[in-house]
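Chemist: Just passing along the structure, written as structure tokens.
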Amino acid sequence: MKRLLITGASGGLGSVCRKRLGHLAEILRVSSRSDLGHAATNEEISYCDLADKRAVENLVEGCDGIVHMGGQSLEAAWEVIRNSNIEGVFNLYEAARKKGRPRIVMASSNHAIGFHSPTERLDANSPTRPDSLYGVSKVFGEALASLYYDKFGIETACIRIGSCFPEPRNHRMLSTWMSYDDFIRLIERIFAVPKLGCPIIYGVSNNDSAWWDNREVAYLGWKPKDNAERFRPKINAKMARPTTSDADSKFQGGAFAADEIHES
Ligand code: NAI
Ligand code: 15L
């Protein structure tokens with residue numbers, strides 16, 4: 001690619017992408033609304049609020065690919081969610097439609113299906129069951145991606161990211177964890193395949209206790225290598241296992257499913 005846009009580049013996953021995806025394009029355009037530090041030699045820095053339609057059009061102009069990591073990443077008041085994850089995602093797709101229809105990696109979330117029980121095994125065809133307003137906004141993002149694929153041919157990989165951190169932080173994350181290495185390898189595959197379409201992908205490592213089946217996206221050739229199981233002794237030593245009445249035992253989305261609506 002000539003130019004790859006990374007939104008949310010000052011955030012947790014955006015900064016991992018910034019550090020590790022430089023080889024995919026001649027120029028990385030890194031964007032956020034918060035501090036991005038100094039531009040490296042192959043970088044363009046562009047500050048932008050995703051809710052600003054005109055600014056997002058300028059941001060997307062000239063980009064052959066987009067890794068969309070910008071957005072509200074936790075449950076919040078509706079206005080906050082709406083600004084970043086509803087208006088923001090709509091603005092991104094409208095800009096993509098007008099400005100060359102680049103391939104998009106969309107950060108969806110396990111909270112789009114978080115009300116399912118950990119006893120269920122899900123795949124890309126399982127019904128969504130959002131566990132929060134945040135989860136609803138991710139279902140919206142997936143629906144918009146589907147519309148813009150069917151209507152305009154814009155290809156998107158919707159990654160229902162589990163828990164992408166350096167290590168799993170609790171027992172639930174032994175099921176949901178995705179390592180940074182597996183995450184980066186997935187994005188590399190998404191940009192490598194000649195035909196992507198608009199798949200739903202579960203962003204999860206090869207964990208012994210994973211709940212999600214990625215057979216539908218075998219054509220990507222992505223084989224996650226890491227396994228959260230090696231962290232189990234450390235987590236057992238650090239905290240008690242969740243009891244049967246804990247949200248983490250009842251819902252794949254854990255505490256998000258038990259959270260109250262955040263009033264503004
Ligand atoms: P983060 O909160 O660390 O980063 C989000 C970034 O987006 C921040 O840099 C923030 O400034 C920026 N942002 C938020 N609203 C914006 C707006 N209106 N305009 C411009 N920039 C805005 O989140 P993280 O963990 O890096 O997650 C990245 C994406 O992946 C998010 O969409 C999140 O929902 C999703 N995700 C992350 C998971 C994880 O395990 N880290 C799990 C599931 C989904
Ligand atoms: C998410 O969607 C969040 O962005 C992230 O911070 C974690 O809470 C993750 O889900 C999770 O479910 O562990």
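Quick note on naming: the chains in the structure tokens go A, B, ... in the order shown, residues restart at 1 in each chain, and ligands are numbered from 1 in order of appearance.
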With the cut-off set at 7 Å and counting only C-alpha atoms and all ligand atoms, tabulate each residue of chain A with an atom at most that distance from an atom of ligand 2, showing the nearest atom pair and its distance in Å to one decimal, ordered by chain and increasing number, as a Markdown table.

Modeler:
```
| residue | atom | partner | partner_atom_place_in_ligand_line | distance |
| --- | --- | --- | --- | --- |
| A:Ser73 | CA | ligand 2 | 4 (O) | 4.0 |
| A:Leu74 | CA | ligand 2 | 4 (O) | 5.2 |
| A:Ser109 | CA | ligand 2 | 2 (O) | 4.7 |
| A:Asn110 | CA | ligand 2 | 12 (O) | 6.1 |
| A:His111 | CA | ligand 2 | 2 (O) | 5.9 |
| A:Ile161 | CA | ligand 2 | 2 (O) | 6.7 |
| A:Gly162 | CA | ligand 2 | 12 (O) | 5.5 |
| A:Ser163 | CA | ligand 2 | 13 (O) | 3.9 |
| A:Met173 | CA | ligand 2 | 13 (O) | 6.4 |
| A:Thr176 | CA | ligand 2 | 13 (O) | 6.8 |
| A:Gly253 | CA | ligand 2 | 12 (O) | 5.8 |
```

Chemist: Please check which protein, DNA or RNA residues sit within 6 Å of ligand 1, counting only C-alpha atoms and all ligand atoms, and write them as a compact mmCIF listing (two decimals) with all heavy atoms, in the first residue's frame.

Modeler:
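Contents of the output file selection-v5.txt:
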```txt
# COMPACT_ATOMS: atom_id res chain seq x y z
N GLY A 8 -7.15 6.02 16.15
CA GLY A 8 -6.95 5.64 17.55
C GLY A 8 -5.50 5.29 17.85
O GLY A 8 -5.20 4.50 18.76
N ALA A 9 -4.59 5.93 17.11
CA ALA A 9 -3.17 5.54 17.19
C ALA A 9 -2.51 5.91 18.51
O ALA A 9 -1.38 5.49 18.78
CB ALA A 9 -2.41 6.14 16.01
N SER A 10 -3.20 6.69 19.35
CA SER A 10 -2.62 6.98 20.67
C SER A 10 -3.14 5.99 21.72
O SER A 10 -2.71 6.01 22.87
CB SER A 10 -2.97 8.41 21.10
OG SER A 10 -4.38 8.55 21.13
N GLY A 11 -4.05 5.11 21.34
CA GLY A 11 -4.64 4.17 22.29
C GLY A 11 -3.81 2.89 22.41
O GLY A 11 -2.75 2.75 21.79
N GLY A 12 -4.32 1.96 23.21
CA GLY A 12 -3.59 0.72 23.47
C GLY A 12 -3.29 -0.05 22.19
O GLY A 12 -2.12 -0.31 21.86
N LEU A 13 -4.33 -0.41 21.44
CA LEU A 13 -4.10 -1.23 20.24
C LEU A 13 -3.60 -0.40 19.07
O LEU A 13 -2.79 -0.88 18.27
CB LEU A 13 -5.40 -1.95 19.84
CG LEU A 13 -5.91 -2.97 20.86
CD1 LEU A 13 -7.11 -3.72 20.31
CD2 LEU A 13 -4.81 -3.94 21.24
N GLY A 14 -4.06 0.86 18.98
CA GLY A 14 -3.58 1.72 17.90
C GLY A 14 -2.07 1.93 17.99
O GLY A 14 -1.37 1.95 16.96
N SER A 32 -5.57 10.44 15.85
CA SER A 32 -6.33 10.34 17.10
C SER A 32 -6.79 11.74 17.43
O SER A 32 -6.48 12.70 16.71
CB SER A 32 -5.47 9.78 18.23
OG SER A 32 -6.29 9.55 19.37
N ARG A 33 -7.52 11.86 18.56
CA ARG A 33 -7.79 13.21 19.03
C ARG A 33 -6.89 13.55 20.22
O ARG A 33 -6.90 14.65 20.71
CB ARG A 33 -9.26 13.38 19.38
CG ARG A 33 -9.72 12.50 20.51
CD ARG A 33 -11.18 12.69 20.82
NE ARG A 33 -11.57 11.73 21.84
CZ ARG A 33 -12.79 11.53 22.24
NH1 ARG A 33 -13.78 12.21 21.72
NH2 ARG A 33 -13.06 10.65 23.18
N SER A 34 -6.12 12.56 20.68
CA SER A 34 -5.20 12.84 21.80
C SER A 34 -3.75 12.65 21.36
O SER A 34 -3.49 12.14 20.27
CB SER A 34 -5.56 11.99 23.01
OG SER A 34 -5.83 10.67 22.63
N CYS A 48 -7.72 14.39 14.66
CA CYS A 48 -9.07 14.43 14.10
C CYS A 48 -10.06 13.84 15.11
O CYS A 48 -9.78 12.79 15.69
CB CYS A 48 -9.06 13.60 12.80
SG CYS A 48 -10.67 13.28 12.12
N ASP A 49 -11.17 14.53 15.31
CA ASP A 49 -12.27 13.91 16.07
C ASP A 49 -13.14 13.16 15.08
O ASP A 49 -13.61 13.74 14.09
CB ASP A 49 -13.08 15.00 16.80
CG ASP A 49 -14.07 14.37 17.79
OD1 ASP A 49 -14.65 13.30 17.47
OD2 ASP A 49 -14.26 14.93 18.88
N LEU A 50 -13.37 11.90 15.36
CA LEU A 50 -14.13 11.06 14.42
C LEU A 50 -15.55 11.58 14.21
O LEU A 50 -16.17 11.28 13.20
CB LEU A 50 -14.18 9.62 14.94
CG LEU A 50 -12.83 8.88 14.94
CD1 LEU A 50 -12.90 7.65 15.83
CD2 LEU A 50 -12.44 8.50 13.52
N ALA A 51 -16.05 12.36 15.15
CA ALA A 51 -17.41 12.90 15.00
C ALA A 51 -17.47 14.07 14.03
O ALA A 51 -18.56 14.54 13.69
CB ALA A 51 -17.94 13.32 16.37
N MET A 69 -8.97 1.71 14.85
CA MET A 69 -8.87 1.39 16.28
C MET A 69 -9.39 2.55 17.13
O MET A 69 -9.40 2.47 18.35
CB MET A 69 -7.41 1.10 16.66
CG MET A 69 -6.87 -0.15 16.02
SD MET A 69 -7.71 -1.64 16.62
CE MET A 69 -8.01 -2.49 15.07
N GLY A 70 -9.79 3.64 16.51
CA GLY A 70 -10.28 4.82 17.26
C GLY A 70 -11.70 4.60 17.73
O GLY A 70 -12.52 4.06 16.99
N GLY A 71 -11.99 5.03 18.92
CA GLY A 71 -13.37 4.95 19.40
C GLY A 71 -13.43 4.80 20.90
O GLY A 71 -12.40 4.63 21.57
N GLN A 72 -14.65 4.86 21.42
CA GLN A 72 -14.89 4.63 22.84
C GLN A 72 -14.75 3.13 23.09
O GLN A 72 -15.43 2.34 22.45
CB GLN A 72 -16.29 5.15 23.21
CG GLN A 72 -16.72 4.85 24.62
CD GLN A 72 -15.79 5.46 25.66
OE1 GLN A 72 -15.14 6.49 25.42
NE2 GLN A 72 -15.73 4.85 26.83
N SER A 73 -13.86 2.76 24.01
CA SER A 73 -13.51 1.35 24.13
C SER A 73 -14.11 0.66 25.36
O SER A 73 -13.81 -0.50 25.62
CB SER A 73 -11.98 1.19 24.14
OG SER A 73 -11.43 1.88 25.24
N ASN A 83 -21.09 9.68 19.94
CA ASN A 83 -20.10 10.55 19.30
C ASN A 83 -19.00 9.75 18.59
O ASN A 83 -18.74 9.95 17.40
CB ASN A 83 -19.49 11.44 20.39
CG ASN A 83 -18.46 12.42 19.86
OD1 ASN A 83 -18.83 13.36 19.19
ND2 ASN A 83 -17.20 12.17 20.14
N SER A 84 -18.42 8.82 19.31
CA SER A 84 -17.24 8.12 18.76
C SER A 84 -17.60 6.89 17.94
O SER A 84 -16.97 6.62 16.92
CB SER A 84 -16.31 7.70 19.90
OG SER A 84 -15.83 8.84 20.58
N ALA A 107 -12.35 -2.48 14.44
CA ALA A 107 -12.30 -3.05 15.78
C ALA A 107 -13.72 -3.19 16.32
O ALA A 107 -14.27 -2.26 16.88
CB ALA A 107 -11.46 -2.16 16.69
N SER A 108 -14.31 -4.37 16.12
CA SER A 108 -15.55 -4.67 16.82
C SER A 108 -15.15 -5.27 18.18
O SER A 108 -13.98 -5.13 18.59
CB SER A 108 -16.42 -5.63 16.01
OG SER A 108 -17.66 -5.84 16.69
N SER A 109 -16.06 -5.90 18.84
CA SER A 109 -15.74 -6.38 20.20
C SER A 109 -16.57 -7.60 20.56
O SER A 109 -17.69 -7.78 20.06
CB SER A 109 -16.02 -5.26 21.21
OG SER A 109 -15.96 -5.76 22.53
N ILE A 161 -12.91 -8.39 18.79
CA ILE A 161 -11.72 -8.58 19.63
C ILE A 161 -12.16 -9.07 21.00
O ILE A 161 -13.13 -8.57 21.58
CB ILE A 161 -10.94 -7.25 19.75
CG1 ILE A 161 -10.56 -6.72 18.36
CG2 ILE A 161 -9.69 -7.44 20.61
CD1 ILE A 161 -9.97 -5.31 18.37
N GLY A 162 -11.46 -10.07 21.51
CA GLY A 162 -11.73 -10.57 22.85
C GLY A 162 -11.09 -9.62 23.86
O GLY A 162 -11.62 -8.54 24.15
N SER A 163 -9.94 -10.00 24.38
CA SER A 163 -9.20 -9.15 25.33
C SER A 163 -7.77 -9.10 24.84
O SER A 163 -7.02 -10.07 25.02
CB SER A 163 -9.25 -9.75 26.73
OG SER A 163 -10.59 -10.02 27.11
N CYS A 164 -7.41 -8.00 24.20
CA CYS A 164 -6.08 -7.90 23.57
C CYS A 164 -5.17 -7.02 24.42
O CYS A 164 -5.22 -5.79 24.33
CB CYS A 164 -6.23 -7.38 22.15
SG CYS A 164 -4.74 -7.61 21.17
N PHE A 165 -4.41 -7.67 25.25
CA PHE A 165 -3.52 -7.02 26.20
C PHE A 165 -2.23 -7.86 26.27
O PHE A 165 -2.22 -8.99 25.77
CB PHE A 165 -4.17 -6.98 27.60
CG PHE A 165 -5.47 -6.20 27.63
CD1 PHE A 165 -6.69 -6.85 27.81
CD2 PHE A 165 -5.47 -4.83 27.47
CE1 PHE A 165 -7.89 -6.14 27.83
CE2 PHE A 165 -6.66 -4.10 27.49
CZ PHE A 165 -7.87 -4.77 27.66
```

Chemist: How would you write, as an MDAnalysis selection string, the set of residues in stretch 132-212 of chain A that DSSP gives as alpha helix (DSSP H)?

Modeler: chainID A and resid 133:152 173:176 180:192

Chemist: Rank nothing, just name the residue among A:Asp52, A:Asn227, A:Phe115, A:Ala76 nearest to A:Asn91, using only C-alpha atoms.

Modeler: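 Using only C-alpha atoms, A:Asn91 sits closest to A:Asp52.
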
Chemist: Give me the residues within 12 Å of A:Ser132 as a list in words, counting only C-alpha atoms and dropping any in the same chain fewer than 6 places off.

Modeler: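 What passes the distance filter is Ser73, Leu74, Glu75, Ala76, Ala77, Trp78, Ile81, Ser109, Asn110, His111, Ala112, Ile113, Gly114, Phe115, Lys138, Val139, Phe251, Gly253, Gly254, Ala255, Phe256, Ala257, Ala258, Asp259, Glu260, Ile261 and His262 of chain A.
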
Chemist: Could you dump the residues just selected with N, CA and C atoms as a PDB file, in the first residue's frame?

Modeler:
```
ATOM      1  N   SER A  73     -13.857   2.762  24.011  1.00  0.00           N
ATOM      2  CA  SER A  73     -13.508   1.346  24.133  1.00  0.00           C
ATOM      3  C   SER A  73     -14.107   0.663  25.360  1.00  0.00           C
ATOM      4  N   LEU A  74     -14.926   1.381  26.103  1.00  0.00           N
ATOM      5  CA  LEU A  74     -15.581   0.814  27.300  1.00  0.00           C
ATOM      6  C   LEU A  74     -17.006   1.335  27.379  1.00  0.00           C
ATOM      7  N   GLU A  75     -17.803   0.761  28.266  1.00  0.00           N
ATOM      8  CA  GLU A  75     -19.155   1.265  28.458  1.00  0.00           C
ATOM      9  C   GLU A  75     -19.091   2.715  28.947  1.00  0.00           C
ATOM     10  N   ALA A  76     -20.071   3.523  28.526  1.00  0.00           N
ATOM     11  CA  ALA A  76     -20.096   4.949  28.871  1.00  0.00           C
ATOM     12  C   ALA A  76     -21.503   5.465  28.651  1.00  0.00           C
ATOM     13  N   ALA A  77     -21.698   6.741  28.947  1.00  0.00           N
ATOM     14  CA  ALA A  77     -22.994   7.371  28.669  1.00  0.00           C
ATOM     15  C   ALA A  77     -23.255   7.362  27.164  1.00  0.00           C
ATOM     16  N   TRP A  78     -24.524   7.307  26.799  1.00  0.00           N
ATOM     17  CA  TRP A  78     -24.914   7.185  25.384  1.00  0.00           C
ATOM     18  C   TRP A  78     -24.261   8.272  24.512  1.00  0.00           C
ATOM     19  N   ILE A  81     -20.758   7.307  23.627  1.00  0.00           N
ATOM     20  CA  ILE A  81     -20.772   6.190  22.670  1.00  0.00           C
ATOM     21  C   ILE A  81     -21.187   6.698  21.292  1.00  0.00           C
ATOM     22  N   SER A 109     -16.062  -5.903  18.844  1.00  0.00           N
ATOM     23  CA  SER A 109     -15.739  -6.376  20.196  1.00  0.00           C
ATOM     24  C   SER A 109     -16.574  -7.597  20.559  1.00  0.00           C
ATOM     25  N   ASN A 110     -16.027  -8.375  21.475  1.00  0.00           N
ATOM     26  CA  ASN A 110     -16.785  -9.511  22.030  1.00  0.00           C
ATOM     27  C   ASN A 110     -18.065  -9.036  22.722  1.00  0.00           C
ATOM     28  N   HIS A 111     -18.146  -7.740  23.043  1.00  0.00           N
ATOM     29  CA  HIS A 111     -19.348  -7.252  23.717  1.00  0.00           C
ATOM     30  C   HIS A 111     -20.548  -7.127  22.764  1.00  0.00           C
ATOM     31  N   ALA A 112     -20.305  -7.391  21.474  1.00  0.00           N
ATOM     32  CA  ALA A 112     -21.428  -7.524  20.520  1.00  0.00           C
ATOM     33  C   ALA A 112     -22.186  -8.833  20.754  1.00  0.00           C
ATOM     34  N   ILE A 113     -21.520  -9.776  21.412  1.00  0.00           N
ATOM     35  CA  ILE A 113     -22.161 -11.086  21.666  1.00  0.00           C
ATOM     36  C   ILE A 113     -22.068 -11.439  23.164  1.00  0.00           C
ATOM     37  N   GLY A 114     -21.844 -10.411  23.994  1.00  0.00           N
ATOM     38  CA  GLY A 114     -21.465 -10.638  25.396  1.00  0.00           C
ATOM     39  C   GLY A 114     -22.519 -11.230  26.295  1.00  0.00           C
ATOM     40  N   PHE A 115     -23.806 -11.216  25.850  1.00  0.00           N
ATOM     41  CA  PHE A 115     -24.840 -11.805  26.712  1.00  0.00           C
ATOM     42  C   PHE A 115     -24.964 -13.318  26.526  1.00  0.00           C
ATOM     43  N   LYS A 138     -21.040  -1.582  18.705  1.00  0.00           N
ATOM     44  CA  LYS A 138     -20.198  -2.481  17.899  1.00  0.00           C
ATOM     45  C   LYS A 138     -21.051  -3.258  16.896  1.00  0.00           C
ATOM     46  N   VAL A 139     -22.274  -3.642  17.317  1.00  0.00           N
ATOM     47  CA  VAL A 139     -23.195  -4.295  16.379  1.00  0.00           C
ATOM     48  C   VAL A 139     -23.539  -3.318  15.253  1.00  0.00           C
ATOM     49  N   PHE A 251     -21.779 -14.731  31.801  1.00  0.00           N
ATOM     50  CA  PHE A 251     -21.837 -14.069  30.490  1.00  0.00           C
ATOM     51  C   PHE A 251     -20.451 -14.021  29.844  1.00  0.00           C
ATOM     52  N   GLY A 253     -19.436 -11.714  28.052  1.00  0.00           N
ATOM     53  CA  GLY A 253     -18.960 -10.333  28.203  1.00  0.00           C
ATOM     54  C   GLY A 253     -18.617  -9.964  29.640  1.00  0.00           C
ATOM     55  N   GLY A 254     -18.839 -10.881  30.578  1.00  0.00           N
ATOM     56  CA  GLY A 254     -18.474 -10.636  31.975  1.00  0.00           C
ATOM     57  C   GLY A 254     -19.180  -9.416  32.549  1.00  0.00           C
ATOM     58  N   ALA A 255     -18.422  -8.570  33.220  1.00  0.00           N
ATOM     59  CA  ALA A 255     -18.993  -7.444  33.975  1.00  0.00           C
ATOM     60  C   ALA A 255     -19.782  -6.468  33.106  1.00  0.00           C
ATOM     61  N   PHE A 256     -19.473  -6.379  31.804  1.00  0.00           N
ATOM     62  CA  PHE A 256     -20.232  -5.460  30.943  1.00  0.00           C
ATOM     63  C   PHE A 256     -21.731  -5.819  30.978  1.00  0.00           C
ATOM     64  N   ALA A 257     -22.022  -7.106  31.085  1.00  0.00           N
ATOM     65  CA  ALA A 257     -23.417  -7.554  31.059  1.00  0.00           C
ATOM     66  C   ALA A 257     -24.141  -7.174  32.350  1.00  0.00           C
ATOM     67  N   ALA A 258     -23.393  -6.965  33.421  1.00  0.00           N
ATOM     68  CA  ALA A 258     -24.007  -6.633  34.702  1.00  0.00           C
ATOM     69  C   ALA A 258     -24.025  -5.127  34.961  1.00  0.00           C
ATOM     70  N   ASP A 259     -23.356  -4.385  34.102  1.00  0.00           N
ATOM     71  CA  ASP A 259     -23.233  -2.938  34.280  1.00  0.00           C
ATOM     72  C   ASP A 259     -24.589  -2.238  34.120  1.00  0.00           C
ATOM     73  N   GLU A 260     -24.816  -1.203  34.915  1.00  0.00           N
ATOM     74  CA  GLU A 260     -26.019  -0.374  34.734  1.00  0.00           C
ATOM     75  C   GLU A 260     -25.828   0.522  33.513  1.00  0.00           C
ATOM     76  N   ILE A 261     -26.938   1.078  33.011  1.00  0.00           N
ATOM     77  CA  ILE A 261     -26.828   2.122  31.977  1.00  0.00           C
ATOM     78  C   ILE A 261     -26.159   3.339  32.625  1.00  0.00           C
ATOM     79  N   HIS A 262     -25.169   3.877  31.941  1.00  0.00           N
ATOM     80  CA  HIS A 262     -24.483   5.072  32.469  1.00  0.00           C
ATOM     81  C   HIS A 262     -25.285   6.306  32.069  1.00  0.00           C
TER      82      HIS A 262
END
```

Chemist: Which of these residues is nearest to A:Arg189, using only C-alpha atoms: A:Val204, A:Ala157, A:Ile45, A:Leu174?

Modeler: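 Between A:Val204, A:Ala157, A:Ile45, A:Leu174, the residue approaching A:Arg189 most closely is A:Ala157.
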
Chemist: Can you tell me which residues surround A:Val217 at a distance of at most 10 Å, considering only C-alpha atoms, apart from same-chain residues fewer than 4 positions away, and format the answer as a list in words?

Modeler: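 With the cut-off at 10 Å, the set is Asp123, Ala124, Leu196, Pro199, Ile200, Ile201, Tyr202, Asp213, Gly221 and Trp222 of chain A.
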
Chemist: Given the selection you just returned, output its residues as a file containing C-alpha atoms, formatted as a short mmCIF file (atom, residue, chain, number, x, y, z; two decimals), in the first residue's frame.

Modeler:
```cif
data_model
loop_
_atom_site.label_atom_id
_atom_site.label_comp_id
_atom_site.auth_asym_id
_atom_site.auth_seq_id
_atom_site.Cartn_x
_atom_site.Cartn_y
_atom_site.Cartn_z
CA ASP A 123 -19.23 -18.75 15.28
CA ALA A 124 -19.70 -15.97 12.75
CA LEU A 196 -11.55 -10.27 1.76
CA PRO A 199 -16.19 -11.35 7.42
CA ILE A 200 -16.83 -11.50 11.15
CA ILE A 201 -13.63 -12.70 12.82
CA TYR A 202 -13.24 -13.57 16.49
CA ASP A 213 -14.96 -20.82 16.25
CA GLY A 221 -4.84 -18.33 6.48
CA TRP A 222 -4.62 -16.88 10.00
#
```

Chemist: One number please: atom CA of A:Arg101 to atom CA of A:Pro127, in Å, one decimal.

Modeler: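 Between these atoms lies a distance of 28.1 Å.
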